[in-house]
Amino acid sequence: MLAGAVVAVGALLTACGGKIGENTTQQPSGSSGAAQGGNTNKDLELVVGVKNEPFYISLQCGAETAAKAAGYTLTTQAPDKFDATMQAPIVTALGAKKPAALLIAPTDDKTMAPQMKQIKDMGAKIIEVDTALQDTSVAASSISSDNTKGGELAAQTMAKLTNGKSGSVLVLDTKAGTSTTAARAKGFEDELKKSAPNLKSVGIQFTDNEPAVAAQKVTAAIASTPDLIGVFATNLNSGEGAATGLRSAGKVGQVQLVGFDASPSEVEALKSGAFQALIAQDPATIGKTGVEQAVNAIEGKSVQRNIAAPLVALTKDDMQQKAEFFYKTKC
């Protein structure tokens with residue numbers, strides 16, 4: 001059932017277009033339940049975490065497809081960096097547009113709350129996609145991967161890759177206050193203690209979502225931790241930086257690298273052996289489901305508060321059989 005659903009979403013992605021950062025607008029077609037119910041505001045706003053990142057492009061693709069099917073207009077915007085100081089003005093400016101709903105991946109689980117509350121107070125429904133606020137009273141629905149389980153899956157995968165060998169493992173998180181990656185890191189560390197007592201975490205280090213910083217953290221860990229046997233990178237940029245650090249140190253394949261996400265560059269790196277495994281999300285389903293929940297909220301239908309999207313572990317041996325989980329660079 002899962003495979004069929006994912007393939008169906010993948011087929012729908014070919015119908016939409018544009019990249020995040022182009023402020024693309026998906027125009028509605030046909031009638032919708034909103035029109036039948038007398039609701040004339042069918043404007044949806046999607047504000048994702050950062051421009052032109054394959055995860056968010058794939059999420060946008062799924063959202064555009066669902067919005068068009070429901071007869072709603074969807075406009076997508078994003079900051080240049082995964083930074084609350086850059087995302088906050090985008091959200092504040094939406095007050096002038098008064099959308100029917102705001103779908104958002106908040107870049108900080110505390111500091112984005114005032115801007116999101118402001119849009120909610122103007123009558124818009126708030127739907128969180130990918131990331132979420134600590135304050136659960138703001139959003140009507142939150143759709144994301146089960147990030148704790150994703151971290152657990154990464155630890156189980158690391159245990160298989162190291163095959164009973166003892167050693168230390170480094171965890172790379174992005175920024176403090178990012179709900180998704182924090183859950184992945186914690187899930188990984190907790191599960192590592194259960195699944196691989198032969199492996200010891202040397203702690204969580206932050207990369208500021210910059211590949212260059214991640215590379216530096218890895219090379220420093222190799223120098224300071226002679227028994228380093230694995231690295232778990234909790235997001236795309238940290239993973240790409242970690243791969244660079246391992247290449248620079250001549251440790252590719254010797255230190256097992258488990259990344260999160262499945263961008264085109266990560267997929268190629270998995271194929272070449274720079275990564276030993278990837279924990280892939282299903283961003284298109286997150287975007288599609290987010291729009292569906294937004295429409296339900298606008299039209300007074302039942303809304304589900306928390307929804308988990310699927311996750312899957314990819315290795316070089318099985319990656320082609322799971323190609324539907326590879327992320328897009330355009331719709």
# chains A, B, ... in the order shown; residues from 1 in each chain; ligands from 1
call {"tool": "residues_around", "arguments": {"residues": "stretch 248-259 of chain A", "least_positions_apart": "6", "cutoff": "6 Å", "atoms": "only C-alpha atoms", "output": "short mmCIF file (atom, residue, chain, number, x, y, z; two decimals) with all heavy atoms, in the first residue's frame"}}
result
data_model
loop_
_atom_site.label_atom_id
_atom_site.label_comp_id
_atom_site.auth_asym_id
_atom_site.auth_seq_id
_atom_site.Cartn_x
_atom_site.Cartn_y
_atom_site.Cartn_z
N ILE A 229 34.36 5.54 14.01
CA ILE A 229 33.93 4.50 13.08
C ILE A 229 32.69 4.89 12.29
O ILE A 229 32.36 4.27 11.28
CB ILE A 229 33.67 3.17 13.85
CG1 ILE A 229 33.61 1.98 12.90
CG2 ILE A 229 32.40 3.27 14.69
CD1 ILE A 229 33.55 0.64 13.62
N GLY A 230 32.00 5.95 12.74
CA GLY A 230 30.77 6.34 12.06
C GLY A 230 30.41 7.80 12.27
O GLY A 230 30.81 8.41 13.26
N VAL A 231 29.67 8.34 11.31
CA VAL A 231 29.12 9.69 11.40
C VAL A 231 27.67 9.63 10.99
O VAL A 231 27.33 9.04 9.95
CB VAL A 231 29.87 10.69 10.48
CG1 VAL A 231 29.19 12.06 10.52
CG2 VAL A 231 31.33 10.82 10.88
N PHE A 232 26.80 10.22 11.81
CA PHE A 232 25.40 10.37 11.43
C PHE A 232 25.13 11.85 11.23
O PHE A 232 25.28 12.65 12.15
CB PHE A 232 24.46 9.81 12.50
CG PHE A 232 23.01 10.14 12.27
CD1 PHE A 232 22.42 9.95 11.03
CD2 PHE A 232 22.22 10.66 13.30
CE1 PHE A 232 21.07 10.26 10.80
CE2 PHE A 232 20.88 10.97 13.10
CZ PHE A 232 20.31 10.78 11.85
N ALA A 233 24.76 12.22 10.01
CA ALA A 233 24.44 13.60 9.67
C ALA A 233 22.93 13.75 9.57
O ALA A 233 22.28 13.03 8.80
CB ALA A 233 25.10 13.99 8.36
N GLY A 239 25.21 16.35 5.86
CA GLY A 239 25.69 15.12 5.22
C GLY A 239 26.66 15.39 4.09
O GLY A 239 27.70 14.72 3.97
N ALA A 274 30.56 7.35 -1.14
CA ALA A 274 30.87 8.39 -0.15
C ALA A 274 29.95 8.29 1.05
O ALA A 274 30.35 8.57 2.19
CB ALA A 274 30.76 9.77 -0.80
N PHE A 275 28.69 7.91 0.82
CA PHE A 275 27.74 7.57 1.88
C PHE A 275 27.57 6.05 1.88
O PHE A 275 27.61 5.42 0.83
CB PHE A 275 26.36 8.19 1.63
CG PHE A 275 26.24 9.65 1.96
CD1 PHE A 275 26.64 10.62 1.05
CD2 PHE A 275 25.70 10.06 3.16
CE1 PHE A 275 26.51 11.96 1.34
CE2 PHE A 275 25.57 11.40 3.46
CZ PHE A 275 25.98 12.36 2.55
N GLN A 276 27.32 5.50 3.06
CA GLN A 276 27.00 4.08 3.14
C GLN A 276 25.49 3.85 3.27
O GLN A 276 25.00 2.77 2.97
CB GLN A 276 27.74 3.43 4.32
CG GLN A 276 29.20 3.11 4.01
CD GLN A 276 30.02 4.36 3.72
OE1 GLN A 276 30.09 5.26 4.55
NE2 GLN A 276 30.63 4.42 2.55
N ALA A 277 24.77 4.87 3.70
CA ALA A 277 23.31 4.77 3.80
C ALA A 277 22.69 6.16 3.88
O ALA A 277 23.34 7.12 4.31
CB ALA A 277 22.89 3.95 5.02
N LEU A 278 21.45 6.26 3.44
CA LEU A 278 20.65 7.48 3.56
C LEU A 278 19.30 7.13 4.16
O LEU A 278 18.72 6.09 3.82
CB LEU A 278 20.43 8.12 2.18
CG LEU A 278 21.66 8.63 1.42
CD1 LEU A 278 21.25 9.03 0.00
CD2 LEU A 278 22.31 9.79 2.15
#
call {"tool": "select_by_dssp", "arguments": {"residues": "stretch 34-220 of chain A", "states": "helix (DSSP H, G or I)", "output": "ChimeraX atom specification"}}
result
/A:34-36,54-70,84-96,113-121,147-162,179-195,211-220
call {"tool": "closest_atom_pairs", "arguments": {"of": "stretch 155-226 of chain A", "to": "stretch 90-108 of chain A", "cutoff": "8 Å", "atoms": "only C-alpha atoms", "output": "tab-separated table"}}
result
residue	atom	partner	partner_atom	distance
A:Gly177	CA	A:Asp108	CA	5.4
A:Thr178	CA	A:Asp108	CA	5.5
A:Ser179	CA	A:Asp108	CA	7.5
call {"tool": "residues_around", "arguments": {"residues": "A:Thr174", "least_positions_apart": "6", "cutoff": "7 Å", "atoms": "only C-alpha atoms", "output": "PyMOL selection string"}}
result
chain A and resi 181+206-209+238
call {"tool": "select_by_dssp", "arguments": {"residues": "stretch 70-142 of chain A", "states": "strand (DSSP E or B)", "output": "PDB file with C-alpha atoms, in the first residue's frame"}}
result
ATOM      1  CA  THR A  73      -4.065  28.990  -5.577  1.00  0.00           C
ATOM      2  CA  LEU A  74      -0.689  28.196  -4.008  1.00  0.00           C
ATOM      3  CA  THR A  75       2.219  30.638  -3.820  1.00  0.00           C
ATOM      4  CA  THR A  76       5.593  29.461  -2.510  1.00  0.00           C
ATOM      5  CA  GLN A  77       8.298  31.582  -0.898  1.00  0.00           C
ATOM      6  CA  ALA A 101      -4.104  29.333   5.015  1.00  0.00           C
ATOM      7  CA  LEU A 102      -0.391  29.438   5.674  1.00  0.00           C
ATOM      8  CA  LEU A 103       1.596  26.252   5.238  1.00  0.00           C
ATOM      9  CA  ILE A 104       4.997  26.718   6.827  1.00  0.00           C
ATOM     10  CA  LYS A 125      -5.402  28.486   9.112  1.00  0.00           C
ATOM     11  CA  ILE A 126      -1.854  27.469  10.038  1.00  0.00           C
ATOM     12  CA  ILE A 127      -0.465  24.143   8.828  1.00  0.00           C
ATOM     13  CA  GLU A 128       3.066  23.092   9.776  1.00  0.00           C
ATOM     14  CA  VAL A 129       4.987  21.040   7.210  1.00  0.00           C
ATOM     15  CA  SER A 141      -2.193  20.362  11.771  1.00  0.00           C
ATOM     16  CA  SER A 142       1.464  19.314  11.636  1.00  0.00           C
TER      17      SER A 142
END
call {"tool": "atom_distance", "arguments": {"atom1": "atom CA of A:Asp173", "atom2": "atom CA of A:Ala221"}}
result
14.3 Å
call {"tool": "closest_residue", "arguments": {"among": "A:Ala242, A:Ser168, A:Phe260, A:Thr285", "to": "A:Asp227", "atoms": "only C-alpha atoms"}}
result
A:Ser168
call {"tool": "residues_around", "arguments": {"residues": "A:Gln60", "least_positions_apart": "6", "cutoff": "8 Å", "atoms": "only C-alpha atoms", "output": "list in words"}}
result
Ile20, Leu46, Thr76, Ala284 and Gly287 of chain A
call {"tool": "residues_around", "arguments": {"residues": "A:Lys217", "least_positions_apart": "3", "cutoff": "10 Å", "atoms": "only C-alpha atoms", "output": "MDAnalysis selection string"}}
result
chainID A and resid 170:172 205:207 211:214 220:222 238 241:242 245
call {"tool": "atom_distance", "arguments": {"atom1": "atom CA of A:Pro310", "atom2": "atom CA of A:Ala139"}}
result
21.2 Å
call {"tool": "atom_distance", "arguments": {"atom1": "atom CA of A:Gln115", "atom2": "atom CA of A:Ala88"}}
result
6.4 Å
call {"tool": "closest_residue", "arguments": {"among": "A:Glu210, A:Gln281, A:Ala140, A:Gly203", "to": "A:Gln304", "atoms": "only C-alpha atoms"}}
result
A:Ala140
call {"tool": "residues_around", "arguments": {"residues": "A:Ile279", "least_positions_apart": "2", "cutoff": "10 Å", "atoms": "only C-alpha atoms", "output": "PyMOL selection string"}}
result
chain A and resi 150-151+153-154+157+233-235+258-262+277+281+311-315+325
